[in-house]
Structures are given as structure tokens and as C-alpha cells.
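Here's coords_39.txt, which has compact mmCIF, C-alpha atoms:
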# COMPACT_ATOMS: atom_id res chain seq x y z
CA MET A 1 0.00 0.00 0.00
CA CYS A 2 1.44 3.36 -0.99
CA PHE A 3 1.80 6.19 1.46
CA PHE A 4 -1.02 8.28 -0.04
CA THR A 5 -3.45 5.35 -0.06
CA ALA A 6 -2.66 4.63 3.57
CA LEU A 7 -3.05 8.31 4.43
CA ARG A 8 -6.39 8.48 2.62
CA GLU A 9 -7.66 5.39 4.45
CA ASP A 10 -6.43 6.82 7.74
CA ASN A 11 -8.28 10.07 7.08
CA SER A 12 -11.38 8.16 6.04
CA GLU A 13 -11.30 6.21 9.29
CA HIS A 14 -11.03 9.43 11.27
CA GLU A 15 -13.94 10.91 9.35
CA GLU A 16 -16.09 7.86 10.09
CA GLN A 17 -15.08 8.09 13.72
CA GLY A 18 -16.03 11.76 13.80
CA ALA A 19 -19.38 11.09 12.14
CA LEU A 20 -20.12 8.38 14.68
CA VAL A 21 -19.29 10.69 17.57
CA VAL A 22 -21.61 13.37 16.17
CA ALA A 23 -24.42 10.87 15.63
CA LEU A 24 -24.11 9.45 19.15
CA MET A 25 -24.47 12.93 20.60
CA GLU A 26 -27.97 12.96 19.07
CA LEU A 27 -29.00 10.09 21.32
CA ARG A 28 -30.27 12.84 23.62
CA ARG A 29 -33.40 12.77 21.44
CA ALA A 30 -34.01 9.07 22.24
CA THR A 31 -36.02 9.67 25.37
CA SER A 32 -37.25 6.05 25.51
CA LEU A 33 -33.72 4.65 25.49
CA THR A 34 -33.17 2.24 28.38
CA SER A 35 -30.52 -0.19 27.19
CA LEU A 36 -27.01 0.43 25.85
CA ASN A 37 -24.65 -2.22 24.50
CA ILE A 38 -21.06 -1.23 23.75
CA ILE A 39 -18.86 -3.63 21.81
CA PHE A 40 -15.19 -2.88 21.21
CA LEU A 41 -13.86 -5.87 19.28
CA ARG A 42 -11.42 -4.54 16.78
CA PRO A 43 -8.74 -6.69 15.20
CA GLY A 44 -5.54 -4.79 15.70
CA GLY A 45 -7.46 -2.26 17.74
CA PHE A 46 -4.79 -2.23 20.40
CA ASN A 47 -2.98 0.25 18.23
CA ASP A 48 -5.96 2.57 18.25
CA PRO A 49 -5.27 5.84 19.96
CA PRO A 50 -7.09 6.03 23.29
CA THR A 51 -9.07 8.93 21.84
CA SER A 52 -10.97 6.46 19.66
CA GLN A 53 -12.72 4.72 22.54
CA THR A 54 -12.70 7.80 24.71
CA SER A 55 -14.48 9.96 22.15
CA ILE A 56 -17.17 7.31 21.66
CA ILE A 57 -17.76 6.94 25.39
CA HIS A 58 -17.72 10.69 25.93
CA SER A 59 -20.24 11.29 23.16
CA LEU A 60 -22.44 8.52 24.56
CA THR A 61 -22.14 10.04 28.01
CA ALA A 62 -23.11 13.43 26.68
CA GLY A 63 -25.86 12.06 24.45
CA ILE A 64 -27.72 9.63 26.68
CA PRO A 65 -30.70 11.23 28.41
CA SER A 66 -30.02 11.56 32.14
CA SER A 67 -30.92 8.59 34.33
CA SER A 68 -32.82 6.84 31.54
CA LEU A 69 -30.38 3.96 31.24
CA THR A 70 -31.36 0.80 33.13
CA SER A 71 -29.18 -1.72 31.30
CA LEU A 72 -25.54 -1.46 30.24
CA SER A 73 -23.51 -4.16 28.53
CA LEU A 74 -19.82 -3.68 27.75
CA THR A 75 -17.89 -6.23 25.70
CA ALA A 76 -14.31 -5.38 24.80
CA ASP A 77 -11.02 -7.05 24.01
CA HIS A 78 -9.05 -3.88 24.77
CA LEU A 79 -9.93 -0.96 26.98
CA PHE A 80 -8.42 2.32 27.98
CA SER A 81 -9.12 2.71 31.66
CA ASP A 82 -9.24 6.50 31.75
CA THR A 83 -12.20 6.47 29.40
CA PHE A 84 -14.65 5.68 32.17
CA LYS A 85 -13.18 7.75 34.97
CA THR A 86 -15.54 10.70 34.73
CA GLN A 87 -18.27 11.93 37.00
CA ALA A 88 -20.54 12.37 33.98
CA PHE A 89 -20.28 8.67 33.14
CA ALA A 90 -21.04 7.70 36.74
CA SER A 91 -24.12 9.90 36.77
CA LYS A 92 -25.44 8.45 33.51
CA ILE A 93 -25.27 4.88 34.84
CA SER A 94 -26.64 5.71 38.28
CA ALA A 95 -30.05 4.12 37.59
CA LEU A 96 -28.76 0.83 36.16
CA THR A 97 -30.56 -2.34 37.16
CA CYS A 98 -28.54 -4.63 34.88
CA LEU A 99 -24.80 -4.44 34.26
CA SER A 100 -22.74 -6.83 32.19
CA ILE A 101 -18.99 -6.56 31.57
CA THR A 102 -17.27 -9.16 29.39
CA THR A 103 -13.70 -9.11 28.18
CA PRO A 104 -12.99 -12.00 25.79
CA ARG A 105 -9.53 -13.52 25.65
CA SER A 106 -7.05 -11.11 24.22
CA PRO A 107 -3.31 -11.01 23.66
CA ARG A 108 -3.27 -7.53 25.20
CA ILE A 109 -4.15 -8.77 28.64
CA MET A 110 -2.38 -5.89 30.41
CA SER A 111 -4.92 -3.27 29.35
CA LEU A 112 -7.70 -5.50 30.62
CA ARG A 113 -5.92 -6.27 33.90
CA GLY A 114 -5.72 -2.53 34.55
CA PHE A 115 -9.38 -2.13 33.70
CA TRP A 116 -10.56 -4.92 36.01
CA GLY A 117 -8.21 -3.93 38.79
CA ASN A 118 -8.68 -0.17 38.83
CA VAL A 119 -11.87 0.75 37.01
CA VAL A 120 -14.66 -1.81 37.43
CA SER A 121 -15.23 -1.44 41.14
CA PRO A 122 -15.01 2.35 41.60
CA HIS A 123 -16.45 3.44 38.26
CA PHE A 124 -19.01 0.76 37.39
CA LEU A 125 -20.06 -1.05 40.56
CA GLN A 126 -20.01 1.50 43.33
CA PRO A 127 -22.17 4.09 41.47
CA VAL A 128 -24.97 1.50 40.98
CA MET A 129 -25.04 -0.29 44.33
CA GLY A 130 -28.47 1.07 45.22
CA THR A 131 -30.26 -0.02 42.05
CA LEU A 132 -28.55 -3.07 40.54
CA THR A 133 -30.51 -6.34 40.31
CA CYS A 134 -28.48 -8.22 37.65
CA LEU A 135 -24.69 -8.34 37.56
CA THR A 136 -22.52 -10.20 35.07
CA LEU A 137 -18.73 -9.99 35.35
CA HIS A 138 -16.84 -12.13 32.83
CA PRO A 139 -13.13 -11.46 32.50
CA ASP A 140 -11.17 -14.13 30.69
CA PHE A 141 -8.27 -14.35 33.09
CA LEU A 142 -8.25 -14.97 36.81
CA VAL A 143 -9.40 -12.01 38.86
CA GLY A 144 -8.64 -12.24 42.55
CA VAL A 145 -6.86 -9.55 44.53
CA ASN A 146 -4.41 -8.18 42.00
CA PRO A 147 -6.03 -7.57 39.65
CA GLY A 148 -9.13 -7.77 41.71
CA ILE A 149 -12.34 -6.31 42.98
CA SER A 150 -12.80 -5.23 46.58
CA PHE A 151 -15.93 -7.16 47.37
CA PRO A 152 -15.96 -6.12 51.07
CA PHE A 153 -17.01 -2.65 49.97
CA LEU A 154 -19.80 -3.78 47.68
CA VAL A 155 -23.38 -4.28 48.79
CA PHE A 156 -26.26 -4.48 46.35
CA PRO A 157 -29.49 -4.56 48.35
CA HIS A 158 -31.59 -5.68 45.35
CA LEU A 159 -29.21 -8.11 43.64
CA SER A 160 -31.12 -11.12 42.31
CA HIS A 161 -28.96 -12.38 39.42
CA LEU A 162 -25.20 -12.84 39.69
CA SER A 163 -22.95 -14.36 37.04
CA LEU A 164 -19.18 -14.55 37.59
CA ARG A 165 -16.52 -16.06 35.38
CA MET A 166 -12.90 -16.67 36.37
CA PHE A 167 -13.12 -15.00 39.74
CA ILE A 168 -10.94 -16.75 42.28
CA PHE A 169 -12.15 -17.29 45.83
CA GLU A 170 -9.47 -15.74 48.03
CA PRO A 171 -9.49 -14.86 51.72
CA GLU A 172 -8.54 -11.29 50.84
CA ASN A 173 -11.13 -10.55 48.20
CA ASP A 174 -14.10 -11.67 50.31
CA LEU A 175 -15.88 -13.22 47.31
CA GLU A 176 -17.46 -16.01 49.35
CA ASP A 177 -18.89 -13.59 51.91
CA PHE A 178 -19.94 -11.21 49.14
CA ILE A 179 -22.20 -13.90 47.69
CA ILE A 180 -23.51 -14.92 51.10
CA ARG A 181 -24.17 -11.27 51.93
CA HIS A 182 -26.78 -11.26 49.14
CA GLY A 183 -28.47 -14.45 50.27
CA ALA A 184 -31.73 -12.66 51.02
CA THR A 185 -32.19 -11.49 47.42
CA LEU A 186 -30.11 -13.77 45.20
CA THR A 187 -32.34 -16.01 43.09
CA HIS A 188 -29.96 -16.84 40.22
CA LEU A 189 -26.27 -17.70 40.63
CA ARG A 190 -23.86 -18.70 37.87
CA LEU A 191 -20.19 -19.48 38.53
CA GLU A 192 -17.98 -20.36 35.59
CA ASN A 193 -14.43 -21.51 36.18
CA CYS A 194 -14.12 -19.95 39.63
CA PRO A 195 -11.28 -21.74 41.48
CA ILE A 196 -10.15 -21.41 45.09
CA LEU A 197 -6.87 -20.14 46.44
CA THR A 198 -5.46 -22.67 48.87
CA LYS A 199 -2.20 -21.12 49.92
CA PHE A 200 0.26 -18.33 49.39
CA LEU A 201 3.77 -19.42 48.54
CA ASP A 202 5.36 -16.55 50.46
CA ASP A 203 5.32 -15.78 54.19
CA ALA A 204 3.40 -12.53 53.95
CA HIS A 205 0.00 -14.09 54.62
CA PRO A 206 0.51 -16.58 57.47
CA ASN A 207 -2.85 -16.15 59.20
CA HIS A 208 -5.28 -16.71 56.40
CA SER A 209 -7.55 -19.71 56.58
CA PHE A 210 -8.49 -21.30 53.29
CA HIS A 211 -11.72 -23.05 52.51
CA ARG A 212 -12.26 -26.13 50.48
CA GLN A 213 -14.84 -25.97 47.75
CA SER A 214 -17.08 -28.36 49.68
CA ASP A 215 -17.09 -25.85 52.56
CA ILE A 216 -18.22 -23.11 50.22
CA TRP A 217 -21.05 -25.17 48.73
CA GLN A 218 -22.18 -26.12 52.22
CA ARG A 219 -22.23 -22.47 53.34
CA PHE A 220 -24.08 -21.43 50.20
CA ALA A 221 -26.66 -24.17 50.68
CA GLU A 222 -27.29 -22.95 54.22
CA THR A 223 -27.36 -19.22 53.53
CA LEU A 224 -28.65 -18.60 49.98
CA GLU A 225 -32.21 -19.09 51.08
CA VAL A 226 -34.07 -17.83 48.00
CA LEU A 227 -31.78 -19.25 45.31
CA MET A 228 -33.87 -20.75 42.51
CA GLU A 229 -31.32 -21.39 39.80
CA LEU A 230 -27.73 -22.54 40.14
CA VAL A 231 -25.21 -23.09 37.36
CA VAL A 232 -21.64 -24.12 38.16
CA THR A 233 -19.25 -24.92 35.33
CA GLU A 234 -15.62 -25.90 35.04
CA GLN A 235 -14.97 -25.95 31.33
CA TRP A 236 -11.77 -24.74 29.77
CA ASP A 237 -11.08 -23.74 26.23
CA ASP A 238 -8.44 -25.92 24.61
CA ARG A 239 -6.94 -22.80 23.02
CA ASP A 240 -5.92 -21.65 26.49
CA LEU A 241 -3.47 -24.52 26.74
CA GLU A 242 -1.29 -22.55 24.34
CA ASN A 243 -1.66 -19.28 26.22
CA PRO A 244 1.11 -18.60 28.75
CA HIS A 245 -1.18 -16.20 30.65
CA MET A 246 -3.61 -19.01 31.28
CA ARG A 247 -1.03 -21.49 32.54
CA GLY A 248 -2.11 -23.25 35.67
CA VAL A 249 -5.73 -22.15 35.72
CA TYR A 250 -7.11 -25.51 34.68
CA SER A 251 -7.73 -26.51 38.21
CA ARG A 252 -10.03 -26.07 41.16
CA TYR A 253 -7.36 -25.34 43.75
CA MET A 254 -4.65 -22.77 43.19
CA THR A 255 -1.52 -21.47 44.85
CA CYS A 256 -0.28 -17.93 44.54
CA ASP A 257 3.26 -16.59 44.64
CA ARG A 258 4.42 -13.15 45.73
CA TYR A 259 3.96 -11.86 42.19
CA ARG A 260 0.32 -12.97 42.13
CA HIS A 261 0.95 -15.75 39.68
CA TYR A 262 -1.53 -18.55 40.17
CA ASP A 263 -0.75 -22.18 39.67
CA LYS A 264 -2.41 -25.53 40.31
CA ASP A 265 -2.16 -26.83 43.86
CA GLY A 266 -1.41 -30.47 43.21
CA ASP A 267 -1.16 -31.24 46.94
CA VAL A 268 -4.79 -30.36 47.53
CA GLU A 269 -6.37 -31.28 44.25
CA VAL A 270 -6.59 -35.01 44.83
CA PRO A 271 -9.40 -37.35 43.80
CA GLU A 272 -10.76 -37.75 47.34
CA ARG A 273 -11.03 -33.98 47.77
CA LEU A 274 -12.63 -33.49 44.37
CA GLY A 275 -15.12 -36.22 45.18
CA GLU A 276 -16.11 -34.47 48.42
CA ASP A 277 -16.54 -31.22 46.49
CA ASP A 278 -18.76 -32.85 43.91
CA ALA A 279 -20.88 -34.43 46.61
CA ALA A 280 -21.27 -31.07 48.37
CA LEU A 281 -22.23 -29.43 45.10
CA ASP A 282 -24.81 -32.13 44.42
CA LEU A 283 -26.27 -31.53 47.88
CA PHE A 284 -26.34 -27.78 47.25
CA ARG A 285 -27.99 -28.37 43.91
CA SER A 286 -30.63 -30.60 45.45
CA VAL A 287 -31.41 -27.91 48.03
CA VAL A 288 -31.93 -25.43 45.21
CA ASN A 289 -33.95 -27.95 43.23
CA THR A 290 -36.39 -28.34 46.06
CA ARG A 291 -37.38 -24.74 45.39
CA ARG A 292 -37.49 -25.07 41.62
CA GLY A 293 -36.94 -28.11 39.45
CA GLY A 294 -33.64 -28.21 37.55
CA SER A 295 -30.11 -26.94 37.65
CA ARG A 296 -27.14 -28.08 35.68
CA ARG A 297 -23.42 -28.33 35.85
CA MET B 1 -55.14 4.19 12.43
CA LYS B 2 -56.66 1.84 9.87
CA HIS B 3 -56.01 -1.85 10.05
CA ASN B 4 -57.16 -5.04 8.43
CA PRO B 5 -60.46 -5.83 10.22
CA SER B 6 -60.08 -9.56 9.66
CA LEU B 7 -57.36 -9.78 12.33
CA PRO B 8 -57.34 -7.99 15.68
CA ILE B 9 -54.44 -5.63 16.36
CA GLU B 10 -53.32 -7.68 19.34
CA LEU B 11 -52.87 -10.74 17.16
CA LEU B 12 -50.96 -8.77 14.54
CA GLN B 13 -48.70 -7.35 17.23
CA THR B 14 -47.98 -10.83 18.52
CA ILE B 15 -47.07 -11.95 15.01
CA PHE B 16 -44.89 -8.89 14.38
CA ASN B 17 -43.14 -9.37 17.68
CA GLU B 18 -42.31 -12.93 16.65
CA VAL B 19 -41.04 -11.75 13.27
CA HIS B 20 -38.99 -9.06 15.03
CA ILE B 21 -37.15 -11.74 16.91
CA THR B 22 -36.58 -14.04 13.96
CA ASN B 23 -36.08 -11.87 10.89
CA LYS B 24 -35.81 -8.13 10.79
CA ILE B 25 -35.66 -8.00 6.99
CA ASP B 26 -39.13 -9.55 6.86
CA LEU B 27 -40.30 -6.91 9.28
CA LEU B 28 -38.95 -4.16 7.02
CA ASN B 29 -40.79 -5.69 4.06
CA ILE B 30 -44.01 -5.91 6.05
CA ARG B 31 -43.58 -2.24 6.91
CA LEU B 32 -43.67 -1.39 3.20
CA THR B 33 -46.92 -3.21 2.44
CA SER B 34 -49.44 -0.68 3.77
CA LEU B 35 -49.82 2.39 5.94
CA SER B 36 -51.61 0.46 8.66
CA PHE B 37 -48.90 -2.21 8.77
CA CYS B 38 -46.28 0.53 8.73
CA SER B 39 -47.80 2.06 11.86
CA LEU B 40 -48.00 -1.28 13.60
CA VAL B 41 -44.53 -2.49 12.66
CA THR B 42 -42.50 0.70 13.12
CA PRO B 43 -42.06 0.30 16.91
CA TYR B 44 -40.62 -3.20 16.40
CA VAL B 45 -38.27 -2.11 13.61
CA PHE B 46 -36.73 0.78 15.52
CA ARG B 47 -36.85 -0.63 19.04
CA THR B 48 -33.28 -1.91 18.74
CA VAL B 49 -30.72 0.03 16.73
CA HIS B 50 -27.20 -1.08 15.81
CA VAL B 51 -24.52 1.40 14.82
CA ARG B 52 -21.01 0.62 13.65
CA ASP B 53 -18.04 2.84 12.97
CA ALA B 54 -18.80 2.91 9.26
CA SER B 55 -20.24 5.84 7.35
CA THR B 56 -23.44 4.22 6.07
CA SER B 57 -24.29 2.87 9.49
CA THR B 58 -23.64 6.23 11.11
CA GLN B 59 -25.75 8.03 8.53
CA ARG B 60 -28.64 5.65 9.15
CA LEU B 61 -28.43 6.24 12.88
CA TYR B 62 -28.35 9.99 12.37
CA SER B 63 -31.43 9.80 10.14
CA ILE B 64 -33.33 7.82 12.74
CA LEU B 65 -32.29 10.07 15.60
CA THR B 66 -33.37 13.20 13.75
CA SER B 67 -36.76 11.75 12.80
CA PRO B 68 -39.27 12.71 15.53
CA HIS B 69 -41.61 9.76 14.91
CA LEU B 70 -38.79 7.18 14.77
CA VAL B 71 -36.50 8.36 17.56
CA LYS B 72 -39.18 7.89 20.20
CA GLU B 73 -39.28 4.15 19.43
CA ILE B 74 -35.60 3.53 20.29
CA LYS B 75 -35.16 1.57 23.49
CA ASP B 76 -31.99 -0.43 22.89
CA VAL B 77 -28.78 0.73 21.18
CA PHE B 78 -25.76 -1.34 20.16
CA VAL B 79 -22.56 0.62 19.50
CA ILE B 80 -20.12 -1.68 17.74
CA GLN B 81 -16.54 -0.79 16.99
CA GLY B 82 -14.68 -3.30 14.94
CA GLU B 83 -17.16 -5.79 13.50
CA SER B 84 -17.98 -5.70 9.82
CA GLU B 85 -21.00 -3.72 8.80
CA GLY B 86 -24.20 -5.70 8.63
CA ALA B 87 -27.89 -5.06 8.57
CA SER B 88 -29.00 -1.86 10.20
CA PRO B 89 -30.81 -0.37 11.95
Structure re-expressed in C-alpha cells:
Amino acid sequence: MCFFTALREDNSEHEEQGALVVALMELRRATSLTSLNIIFLRPGGFNDPPTSQTSIIHSLTAGIPSSSLTSLSLTADHLFSDTFKTQAFASKISALTCLSITTPRSPRIMSLRGFWGNVVSPHFLQPVMGTLTCLTLHPDFLVGVNPGISFPFLVFPHLSHLSLRMFIFEPENDLEDFIIRHGATLTHLRLENCPILTKFLDDAHPNHSFHRQSDIWQRFAETLEVLMELVVTEQWDDRDLENPHMRGVYSRYMTCDRYRHYDKDGDVEVPERLGEDDAALDLFRSVVNTRRGGSRR
Amino acid sequence: MKHNPSLPIELLQTIFNEVHITNKIDLLNIRLTSLSFCSLVTPYVFRTVHVRDASTSTQRLYSILTSPHLVKEIKDVFVIQGESEGASP
């Protein structure tokens, strides 16, 4: 491709981007708008200037009628964290009842780690704690403490549907208690590939007590009193076997080193233990099934 | 609003809602058949709008947003950056 052709295509792309930004500003006229779905899946988009996403989000923020939005879905394989760190964005999502954030597997995992670690909790979850009923959080790498979400600070009084993928149960992130804390309202729970941290490989965390998965299922069965639908899956994509970032996550029990690298805990993950876990899950499932027929693994 | 008296509006709306889910192109064709069908089908056609970072898609969105009788039907918007352009709205 010659220089002038490339330049022309580059200009054309910028013009399309500008036209999109102008059009999105006109969303202010859509007074019945309640649901917004943002999809950033751009091959090679990691080389996009941050202004590309930022200008789209800013024009959406400016264009959406105030407090009309009740549902927001964000799917992206690359994200610029600063895009969402505005008060205007927080105010436009303040009435959300449903929030879904999905980041498919991506070679540019660092941008997504920053997003999940620094943006999701303060800029998506905390502004909507009073209204949210449905929450879906699906990263495609393990999210625990770093990167992680501070579940101790999150309370959603009306949460009825919760779907989590690749969140790791750790003593420090309070995930187990976060779920139990919503036992009075939670009717639907989906956990996909959510392993458990069994031990730290350094000496910095000597006092933590680690649960087995069977303990967690038993606690959930006792405390999630209105749960009607339960889905628990442990299915891994064969493509991840080739991905160095996914190394070691094909297991239920994990260790963690001082650099927050997770790996399989072969000492704990033994057939007897896995059998106890499965039995506890079956018992949990049967408790849920007594309220409503059917759940699946 | 006139409508075909042989079928009640509620039944037509149920049918159009089903078509809306399965095939939006059919819905657009139904919208062209008569004024009464146009009135009935328009809310289903413009309830969900997709826009991509491509000029034709953006122009369509702009046209809908600046049309007073269409913009009020929009409830759900998809903003897609990166996928190839497909059927819109």
C-alpha cells in the first residue's frame, strides 16, 4: 500500500469516527432509550489511539438522556481505563438495574488487567449499588486480589442475578462472603471456572484460613435461602493450553506466589477432595432444586 | 389508524413481535406493504438500533435520531466498533 493510499484510508477512518461521535451525541433525542450495549472488538485495535474509545464513550455520556439507562452491557477485548473515569459517566449509569462486563480472551491482557483492577469497582459497581438487580462480570483471566475487585465494599441490596466467570475465591477478596451477603435477594447464581486459592507461597499471609470448595457449597446451601437457579461450570477452552497467561488455571485449587501468579495446587487437588466437592455441590444443587426443578453443571 | 379488520391488532402485534425476533428484513418488508402495517410495525423495527463505525451505518443512525416519529421508538442501542458492517438499523 502506498503512502497516499494509507493516508487516505487513515483520514477516512477518522472521518467515520467523527461522524459516529456526532451521531451518538444525538442520542439525547431518544427519550425512551433504556438499554445500551457497547462492543469494542477490533482486530488490531490495540494500536488505536485512546481517543478512539474515549471519544465514543464521551459522546455517549453526553448524548444519553439523564438517568434513563437501566441496562448497560460492555464487551471489549481492549480498553483504555481513563475512558470511564468521569463523574458524567457515573451519573449516567446511576439508575442501572442490569450491568454486564465481558472481556474476551485477548493477547493484550495488560490493558484488561488494569481495567478490572482499577476501574470496574469504583467506576461501574459503586455508582450503581443502590439499584442493581443483575450483575454479570466475565473477565477471561483470573481475577482475585491483584487484579481484583474489593468485594468487602460492595453491597447491592436488590441483587437477584449474579454471574461470575474466572473469579478466584481468596481470603482477601471476600468473594465467598460477598455472595452470602446477598443471600436474602439472590435467586440466580452462575459461577464459571471460579477456582479457590489454597495457599500463598510466600510468608506474607501466614494467618489466612483457606476453605475447600465443599465448605463453600455447604455455606451457600445454608445461607442462599431464596436461590432458585444454580449453574456451576468448570470448562476450559483448549486454546488456552497454548496461552502462557492461562497457565495453571485448569484446576479447582490454586496457589499464589508473591507476584500474584496462580498455579495448580497439586497437593490439595486429589481425587478424594474433588469427590467431596462434587458431593457437596450435588447436595447444594438438590437444596436449590427443592425450590425449583432443575439446575445443571 | 386503519387496520385489516379480519385480524385484531393484538394478534398482529404478537405476530410482528415474533417476526422481530426471527427476521428483521421480513419486518422491514411488512412495513412497506401498507400504511396500517407501517404504523403497527415501526415500533418493532426501531426498538433496537445497531450502529457501527462505518459511514453508512452512522448516517442511518443519524437519520433515525433526527426523525421525531422514529426516535421515540428507540429503546436499545448497540454501538459496535470493529465488526464488519451488517444489517441496520
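Of the residues under consideration (A:Leu60, A:Leu36, A:Val155, A:Leu24), A:Leu36 shows the shortest atom-to-atom contact distance to chain B when counting only C-alpha atoms.
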- prompt: Quick one: residues within 10 Å of segment 88-95 of chain A, all atoms listed in the file counted, chain neighbours fewer than 5 positions away excluded, as a PyMOL selection string?
  reply: chain A and resi 34+57-58+60-72+83+122-132
task: Would you mind listing what lies within 10 Å of segment 29-43 of chain B as a ChimeraX atom specification, with only C-alpha atoms counted and same-chain residues fewer than 2 positions away left out?
output: /B:1-4,9,12-13,16-17,19-20,24-27,45-48,69-75
task: Return as JSON, numbers by chain the residues belonging to chain A that are within 9 Å of chain B, counting all atoms listed in the file.
output: {"A": [13, 15, 16, 17, 19, 20, 21, 22, 23, 24, 26, 27, 28, 29, 30, 31, 32, 33, 34, 35, 36, 37, 38, 39, 40, 41, 42, 43, 45, 53, 56, 71]}
Just write the chosen residues, C-alpha atoms, as an mmCIF file, in the coordinates of the input.
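The file below, selection_12.cif, is the result:
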data_model
loop_
_atom_site.group_PDB
_atom_site.id
_atom_site.type_symbol
_atom_site.label_atom_id
_atom_site.label_comp_id
_atom_site.auth_asym_id
_atom_site.auth_seq_id
_atom_site.Cartn_x
_atom_site.Cartn_y
_atom_site.Cartn_z
ATOM 1 C CA GLU A 13 -11.300 6.210 9.290
ATOM 2 C CA GLU A 15 -13.940 10.910 9.350
ATOM 3 C CA GLU A 16 -16.090 7.860 10.090
ATOM 4 C CA GLN A 17 -15.080 8.090 13.720
ATOM 5 C CA ALA A 19 -19.380 11.090 12.140
ATOM 6 C CA LEU A 20 -20.120 8.380 14.680
ATOM 7 C CA VAL A 21 -19.290 10.690 17.570
ATOM 8 C CA VAL A 22 -21.610 13.370 16.170
ATOM 9 C CA ALA A 23 -24.420 10.870 15.630
ATOM 10 C CA LEU A 24 -24.110 9.450 19.150
ATOM 11 C CA GLU A 26 -27.970 12.960 19.070
ATOM 12 C CA LEU A 27 -29.000 10.090 21.320
ATOM 13 C CA ARG A 28 -30.270 12.840 23.620
ATOM 14 C CA ARG A 29 -33.400 12.770 21.440
ATOM 15 C CA ALA A 30 -34.010 9.070 22.240
ATOM 16 C CA THR A 31 -36.020 9.670 25.370
ATOM 17 C CA SER A 32 -37.250 6.050 25.510
ATOM 18 C CA LEU A 33 -33.720 4.650 25.490
ATOM 19 C CA THR A 34 -33.170 2.240 28.380
ATOM 20 C CA SER A 35 -30.520 -0.190 27.190
ATOM 21 C CA LEU A 36 -27.010 0.430 25.850
ATOM 22 C CA ASN A 37 -24.650 -2.220 24.500
ATOM 23 C CA ILE A 38 -21.060 -1.230 23.750
ATOM 24 C CA ILE A 39 -18.860 -3.630 21.810
ATOM 25 C CA PHE A 40 -15.190 -2.880 21.210
ATOM 26 C CA LEU A 41 -13.860 -5.870 19.280
ATOM 27 C CA ARG A 42 -11.420 -4.540 16.780
ATOM 28 C CA PRO A 43 -8.740 -6.690 15.200
ATOM 29 C CA GLY A 45 -7.460 -2.260 17.740
ATOM 30 C CA GLN A 53 -12.720 4.720 22.540
ATOM 31 C CA ILE A 56 -17.170 7.310 21.660
ATOM 32 C CA SER A 71 -29.180 -1.720 31.300
#
statement: re atom CA of Met228 of chain A and atom CA of Arg273 of chain A: distance 26.9 Å
message: Can you measure atom CA of Glu234 of chain A to atom CA of Thr97 of chain A for me? One decimal in Å is fine.
response: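 A separation of 28.0 Å between them.
Taking atom CA of Lys264 of chain A and atom CA of Ser121 of chain A as the two end points, the separation is 27.3 Å.
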